[in-house]
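*Asks:* What follows is coords.pdb, made up of PDB, C-alpha atoms:
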ATOM      1  CA  MET E   1     -19.992  21.682   8.573  1.00  0.00           C
ATOM      2  CA  LYS E   2     -21.886  18.897   6.799  1.00  0.00           C
ATOM      3  CA  ASN E   3     -25.386  17.975   7.812  1.00  0.00           C
ATOM      4  CA  ALA E   4     -27.096  14.608   7.701  1.00  0.00           C
ATOM      5  CA  SER E   5     -30.154  14.258   5.483  1.00  0.00           C
ATOM      6  CA  THR E   6     -32.211  14.962   8.610  1.00  0.00           C
ATOM      7  CA  GLY E   7     -30.580  18.394   8.884  1.00  0.00           C
ATOM      8  CA  THR E   8     -28.595  17.493  12.013  1.00  0.00           C
ATOM      9  CA  PRO E   9     -24.890  18.383  11.834  1.00  0.00           C
ATOM     10  CA  ILE E  10     -22.893  15.161  11.481  1.00  0.00           C
ATOM     11  CA  PRO E  11     -20.519  15.957  14.392  1.00  0.00           C
ATOM     12  CA  LEU E  12     -23.549  16.004  16.721  1.00  0.00           C
ATOM     13  CA  LEU E  13     -24.620  12.496  15.707  1.00  0.00           C
ATOM     14  CA  ARG E  14     -23.441   9.395  17.558  1.00  0.00           C
ATOM     15  CA  GLY E  15     -23.133   5.680  16.820  1.00  0.00           C
ATOM     16  CA  VAL E  16     -24.671   4.143  13.733  1.00  0.00           C
ATOM     17  CA  ALA E  17     -26.393   7.393  12.784  1.00  0.00           C
ATOM     18  CA  ALA E  18     -23.034   9.174  12.638  1.00  0.00           C
ATOM     19  CA  GLU E  19     -21.484   6.320  10.675  1.00  0.00           C
ATOM     20  CA  HIS E  20     -24.301   6.229   8.112  1.00  0.00           C
ATOM     21  CA  ALA E  21     -24.407  10.000   7.737  1.00  0.00           C
ATOM     22  CA  THR E  22     -20.630  10.075   7.213  1.00  0.00           C
ATOM     23  CA  MET E  23     -20.819   7.306   4.606  1.00  0.00           C
ATOM     24  CA  ALA E  24     -23.531   9.173   2.737  1.00  0.00           C
ATOM     25  CA  ALA E  25     -21.621  12.470   2.982  1.00  0.00           C
ATOM     26  CA  VAL E  26     -18.514  10.831   1.476  1.00  0.00           C
ATOM     27  CA  ALA E  27     -20.629   9.738  -1.499  1.00  0.00           C
ATOM     28  CA  GLY E  28     -22.102  13.187  -2.060  1.00  0.00           C
ATOM     29  CA  GLY E  29     -25.133  12.958   0.201  1.00  0.00           C
ATOM     30  CA  SER E  30     -28.218  10.821   0.522  1.00  0.00           C
ATOM     31  CA  LYS E  31     -29.733   9.077  -2.486  1.00  0.00           C
ATOM     32  CA  ALA E  32     -32.823  11.266  -2.064  1.00  0.00           C
ATOM     33  CA  SER E  33     -30.668  14.361  -2.567  1.00  0.00           C
ATOM     34  CA  GLY E  34     -28.887  12.885  -5.600  1.00  0.00           C
ATOM     35  CA  GLY E  35     -25.818  11.481  -3.852  1.00  0.00           C
ATOM     36  CA  GLY E  36     -24.594   7.932  -3.568  1.00  0.00           C
ATOM     37  CA  GLY E  37     -26.035   7.340  -0.120  1.00  0.00           C
ATOM     38  CA  ILE E  38     -24.607   4.916   2.415  1.00  0.00           C
ATOM     39  CA  ASP E  39     -23.943   2.238  -0.218  1.00  0.00           C
ATOM     40  CA  GLY E  40     -22.027   4.687  -2.386  1.00  0.00           C
ATOM     41  CA  GLY E  41     -19.937   5.806   0.574  1.00  0.00           C
ATOM     42  CA  MET E  42     -19.101   2.231   1.496  1.00  0.00           C
ATOM     43  CA  ARG E  43     -18.072   1.422  -2.089  1.00  0.00           C
ATOM     44  CA  LEU E  44     -15.949   4.555  -2.324  1.00  0.00           C
ATOM     45  CA  LEU E  45     -14.197   3.898   0.982  1.00  0.00           C
ATOM     46  CA  ASP E  46     -13.672   0.232   0.078  1.00  0.00           C
ATOM     47  CA  GLN E  47     -12.012   1.330  -3.178  1.00  0.00           C
ATOM     48  CA  LYS E  48      -9.769   3.813  -1.355  1.00  0.00           C
ATOM     49  CA  SER E  49      -8.878   1.184   1.235  1.00  0.00           C
ATOM     50  CA  MET E  50      -8.040  -1.295  -1.513  1.00  0.00           C
ATOM     51  CA  GLN E  51      -5.905   1.288  -3.309  1.00  0.00           C
ATOM     52  CA  ALA E  52      -4.018   2.029  -0.104  1.00  0.00           C
ATOM     53  CA  GLN E  53      -3.441  -1.678   0.535  1.00  0.00           C
ATOM     54  CA  LEU E  54      -2.219  -2.229  -3.011  1.00  0.00           C
ATOM     55  CA  LEU E  55       0.133   0.726  -2.653  1.00  0.00           C
ATOM     56  CA  VAL E  56       1.590  -0.735   0.546  1.00  0.00           C
ATOM     57  CA  TYR E  57       1.952  -4.154  -1.073  1.00  0.00           C
ATOM     58  CA  GLY E  58       3.618  -2.580  -4.103  1.00  0.00           C
ATOM     59  CA  ILE E  59       6.103  -0.667  -1.968  1.00  0.00           C
ATOM     60  CA  THR E  60       6.818  -3.827   0.035  1.00  0.00           C
ATOM     61  CA  ALA E  61       7.365  -5.834  -3.141  1.00  0.00           C
ATOM     62  CA  ALA E  62       9.709  -3.155  -4.494  1.00  0.00           C
ATOM     63  CA  ALA E  63      11.713  -3.172  -1.253  1.00  0.00           C
ATOM     64  CA  ILE E  64      11.997  -6.965  -1.313  1.00  0.00           C
ATOM     65  CA  GLY E  65      13.052  -6.845  -4.968  1.00  0.00           C
ATOM     66  CA  ALA E  66      15.722  -4.268  -4.128  1.00  0.00           C
ATOM     67  CA  GLN E  67      17.032  -6.447  -1.293  1.00  0.00           C
ATOM     68  CA  ILE E  68      17.209  -9.453  -3.617  1.00  0.00           C
ATOM     69  CA  GLY E  69      19.050  -7.368  -6.224  1.00  0.00           C
ATOM     70  CA  ILE E  70      21.581  -6.149  -3.675  1.00  0.00           C
ATOM     71  CA  ARG E  71      22.195  -9.643  -2.315  1.00  0.00           C
ATOM     72  CA  TYR E  72      22.597 -10.990  -5.843  1.00  0.00           C
ATOM     73  CA  ALA E  73      25.115  -8.253  -6.694  1.00  0.00           C
ATOM     74  CA  VAL E  74      27.129  -9.060  -3.558  1.00  0.00           C
ATOM     75  CA  LEU E  75      27.198 -12.755  -4.431  1.00  0.00           C
ATOM     76  CA  VAL E  76      28.239 -12.054  -8.026  1.00  0.00           C
ATOM     77  CA  ARG E  77      31.009  -9.751  -6.818  1.00  0.00           C
ATOM     78  CA  ARG E  78      32.270 -12.418  -4.386  1.00  0.00           C
ATOM     79  CA  ASP E  79      32.127 -15.086  -7.075  1.00  0.00           C
ATOM     80  CA  ARG E  80      34.095 -12.955  -9.551  1.00  0.00           C
ATOM     81  CA  LYS E  81      36.682 -12.112  -6.903  1.00  0.00           C
ATOM     82  CA  ALA E  82      37.067 -15.788  -6.029  1.00  0.00           C
ATOM     83  CA  ALA E  83      37.416 -16.670  -9.717  1.00  0.00           C
ATOM     84  CA  ARG E  84      40.110 -14.004 -10.172  1.00  0.00           C
ATOM     85  CA  GLU E  85      41.982 -15.225  -7.120  1.00  0.00           C
ATOM     86  CA  ALA E  86      41.732 -18.830  -8.305  1.00  0.00           C
ATOM     87  CA  ALA E  87      42.958 -17.860 -11.770  1.00  0.00           C
ATOM     88  CA  SER E  88      45.905 -15.895 -10.422  1.00  0.00           C
ATOM     89  CA  GLY E  89      46.755 -18.762  -8.065  1.00  0.00           C
ATOM     90  CA  ASN E  90      46.868 -21.208 -10.993  1.00  0.00           C
ATOM     91  CA  ASP E  91      49.351 -18.985 -12.882  1.00  0.00           C
ATOM     92  CA  ASP E  92      51.824 -19.230  -9.998  1.00  0.00           C
ATOM     93  CA  ASN E  93      52.043 -23.046 -10.175  1.00  0.00           C
TER      94      ASN E  93
END
Show me the file's structure as structure tokens.
*Replies:*
Amino acid sequence: MKNASTGTPIPLLRGVAAEHATMAAVAGGSKASGGGGIDGGMRLLDQKSMQAQLLVYGITAAAIGAQIGIRYAVLVRRDRKAAREAASGNDDN
């Protein structure tokens, strides 16, 4: 169990104190103890949040690209079929 810089276990803290202690713990502890402190925790969590958002956007973009590719393939197939049918219909005349 992690402790805040005051020595109090983080799960026993409430409100802003718990939030700040958690942020500091994420960054390796308080600045006084050689960690990144609250600022370091916020930066680290912001980076992780941004990475997660970019991952979601990338997956979404890939899914949209796949849908476009499938729709394009269907249209090309229909167009080729129509061209074959038109060509075979012209031979009969």
*Asks:* So what do you get for atom CA of E:Ala21 versus atom CA of E:Leu44, distance-wise?
*Replies:*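 Calculated distance between atom CA of E:Ala21 and atom CA of E:Leu44 is 14.2 Å.
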*Asks:* Compile the contact shell of E:Gly29 as a ChimeraX atom specification: residues with an atom at most 9 Å away, counting all atoms listed in the file, same-chain residues fewer than 5 positions apart removed.
*Replies:* /E:4-5,21-24,34-38,41
*Asks:* Please determine an axis-aligned box that encloses all atoms of stretch 49-52 of chain E listed in the file, with 4 Å added on each side, and express its centre and edge lengths in Å to one decimal as lines of an AutoDock Vina configuration file.
*Replies:*
center_x = -6.4
center_y = 0.4
center_z = -1.0
size_x = 12.9
size_y = 11.3
size_z = 12.5
*Asks:* For a test of reading the model, state the distance in Å between atom CA of E:Thr6 and atom CA of E:Ala27, rounded to one decimal.
*Replies:*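 Between atom CA of E:Thr6 and atom CA of E:Ala27 the gap works out to 16.2 Å.
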*Asks:* Atom CA of E:Leu13 and atom CA of E:Ala25, how far apart in Å?
*Replies:*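 About the pair atom CA of E:Ala25 and atom CA of E:Leu13: they are 13.1 Å apart.
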*Asks:* Taking all atoms listed in the file into account, name the residue in E:His20, E:Gly65, E:Thr8, E:Leu54 that is nearest to E:Gly40.
*Replies:*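 For E:Gly40, the nearest of the given residues is E:His20.
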*Asks:* What do you get, as a PDB file with C-alpha atoms, in the frame of the given file, if you spell out every residue that the PyMOL selection byres ((chain E and resi 1) around 9) selects here?
*Replies:*
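Result file part-v5.pdb:
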ATOM      1  CA  LYS E   2     -21.886  18.897   6.799  1.00  0.00           C
ATOM      2  CA  ASN E   3     -25.386  17.975   7.812  1.00  0.00           C
ATOM      3  CA  PRO E   9     -24.890  18.383  11.834  1.00  0.00           C
ATOM      4  CA  ILE E  10     -22.893  15.161  11.481  1.00  0.00           C
ATOM      5  CA  PRO E  11     -20.519  15.957  14.392  1.00  0.00           C
TER       6      PRO E  11
END
*Asks:* For stretch 8-31 of chain E, where the input has fewer atoms than it should, I would like N, CA and C atoms rebuilt and written as a PDB file, in the coordinates of the input.
*Replies:*
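Okay, this is what ended up in out03.pdb:
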ATOM      1  N   THR E   8     -29.451  17.461  10.828  1.00  0.00           N
ATOM      2  CA  THR E   8     -28.595  17.493  12.013  1.00  0.00           C
ATOM      3  C   THR E   8     -27.135  17.518  11.580  1.00  0.00           C
ATOM      4  N   PRO E   9     -26.320  18.386  12.158  1.00  0.00           N
ATOM      5  CA  PRO E   9     -24.890  18.383  11.834  1.00  0.00           C
ATOM      6  C   PRO E   9     -24.263  17.030  12.189  1.00  0.00           C
ATOM      7  N   ILE E  10     -23.475  16.485  11.284  1.00  0.00           N
ATOM      8  CA  ILE E  10     -22.893  15.161  11.481  1.00  0.00           C
ATOM      9  C   ILE E  10     -22.070  15.073  12.768  1.00  0.00           C
ATOM     10  N   PRO E  11     -21.287  16.088  13.143  1.00  0.00           N
ATOM     11  CA  PRO E  11     -20.519  15.957  14.392  1.00  0.00           C
ATOM     12  C   PRO E  11     -21.385  15.787  15.642  1.00  0.00           C
ATOM     13  N   LEU E  12     -22.665  16.158  15.563  1.00  0.00           N
ATOM     14  CA  LEU E  12     -23.549  16.004  16.721  1.00  0.00           C
ATOM     15  C   LEU E  12     -24.168  14.610  16.791  1.00  0.00           C
ATOM     16  N   LEU E  13     -24.058  13.847  15.725  1.00  0.00           N
ATOM     17  CA  LEU E  13     -24.620  12.496  15.707  1.00  0.00           C
ATOM     18  C   LEU E  13     -23.678  11.528  16.415  1.00  0.00           C
ATOM     19  N   ARG E  14     -24.228  10.414  16.873  1.00  0.00           N
ATOM     20  CA  ARG E  14     -23.441   9.395  17.558  1.00  0.00           C
ATOM     21  C   ARG E  14     -23.799   8.012  17.009  1.00  0.00           C
ATOM     22  N   GLY E  15     -22.869   7.079  17.154  1.00  0.00           N
ATOM     23  CA  GLY E  15     -23.133   5.680  16.820  1.00  0.00           C
ATOM     24  C   GLY E  15     -23.380   5.445  15.347  1.00  0.00           C
ATOM     25  N   VAL E  16     -24.354   4.560  15.102  1.00  0.00           N
ATOM     26  CA  VAL E  16     -24.671   4.143  13.733  1.00  0.00           C
ATOM     27  C   VAL E  16     -25.160   5.322  12.899  1.00  0.00           C
ATOM     28  N   ALA E  17     -25.892   6.225  13.522  1.00  0.00           N
ATOM     29  CA  ALA E  17     -26.393   7.393  12.784  1.00  0.00           C
ATOM     30  C   ALA E  17     -25.232   8.223  12.252  1.00  0.00           C
ATOM     31  N   ALA E  18     -24.211   8.418  13.074  1.00  0.00           N
ATOM     32  CA  ALA E  18     -23.034   9.174  12.638  1.00  0.00           C
ATOM     33  C   ALA E  18     -22.298   8.436  11.529  1.00  0.00           C
ATOM     34  N   GLU E  19     -22.177   7.122  11.692  1.00  0.00           N
ATOM     35  CA  GLU E  19     -21.484   6.320  10.675  1.00  0.00           C
ATOM     36  C   GLU E  19     -22.208   6.387   9.332  1.00  0.00           C
ATOM     37  N   HIS E  20     -23.527   6.208   9.358  1.00  0.00           N
ATOM     38  CA  HIS E  20     -24.301   6.229   8.112  1.00  0.00           C
ATOM     39  C   HIS E  20     -24.293   7.613   7.467  1.00  0.00           C
ATOM     40  N   ALA E  21     -24.421   8.639   8.282  1.00  0.00           N
ATOM     41  CA  ALA E  21     -24.407  10.000   7.737  1.00  0.00           C
ATOM     42  C   ALA E  21     -23.049  10.323   7.120  1.00  0.00           C
ATOM     43  N   THR E  22     -21.971   9.853   7.752  1.00  0.00           N
ATOM     44  CA  THR E  22     -20.630  10.075   7.213  1.00  0.00           C
ATOM     45  C   THR E  22     -20.451   9.339   5.895  1.00  0.00           C
ATOM     46  N   MET E  23     -20.916   8.086   5.850  1.00  0.00           N
ATOM     47  CA  MET E  23     -20.819   7.306   4.606  1.00  0.00           C
ATOM     48  C   MET E  23     -21.555   8.009   3.474  1.00  0.00           C
ATOM     49  N   ALA E  24     -22.748   8.482   3.760  1.00  0.00           N
ATOM     50  CA  ALA E  24     -23.531   9.173   2.737  1.00  0.00           C
ATOM     51  C   ALA E  24     -22.850  10.476   2.326  1.00  0.00           C
ATOM     52  N   ALA E  25     -22.290  11.194   3.287  1.00  0.00           N
ATOM     53  CA  ALA E  25     -21.621  12.470   2.982  1.00  0.00           C
ATOM     54  C   ALA E  25     -20.413  12.242   2.076  1.00  0.00           C
ATOM     55  N   VAL E  26     -19.684  11.155   2.305  1.00  0.00           N
ATOM     56  CA  VAL E  26     -18.514  10.831   1.476  1.00  0.00           C
ATOM     57  C   VAL E  26     -18.935  10.613   0.029  1.00  0.00           C
ATOM     58  N   ALA E  27     -20.142  10.041  -0.148  1.00  0.00           N
ATOM     59  CA  ALA E  27     -20.629   9.738  -1.499  1.00  0.00           C
ATOM     60  C   ALA E  27     -21.440  10.879  -2.095  1.00  0.00           C
ATOM     61  N   GLY E  28     -21.406  12.039  -1.491  1.00  0.00           N
ATOM     62  CA  GLY E  28     -22.102  13.187  -2.060  1.00  0.00           C
ATOM     63  C   GLY E  28     -23.483  13.437  -1.500  1.00  0.00           C
ATOM     64  N   GLY E  29     -23.836  12.736  -0.433  1.00  0.00           N
ATOM     65  CA  GLY E  29     -25.133  12.958   0.201  1.00  0.00           C
ATOM     66  C   GLY E  29     -26.049  11.761   0.072  1.00  0.00           C
ATOM     67  N   SER E  30     -27.251  11.922   0.567  1.00  0.00           N
ATOM     68  CA  SER E  30     -28.218  10.821   0.522  1.00  0.00           C
ATOM     69  C   SER E  30     -28.663  10.571  -0.919  1.00  0.00           C
ATOM     70  N   LYS E  31     -29.221   9.378  -1.144  1.00  0.00           N
ATOM     71  CA  LYS E  31     -29.733   9.077  -2.486  1.00  0.00           C
ATOM     72  C   LYS E  31     -30.888  10.009  -2.838  1.00  0.00           C
TER      73      LYS E  31
END
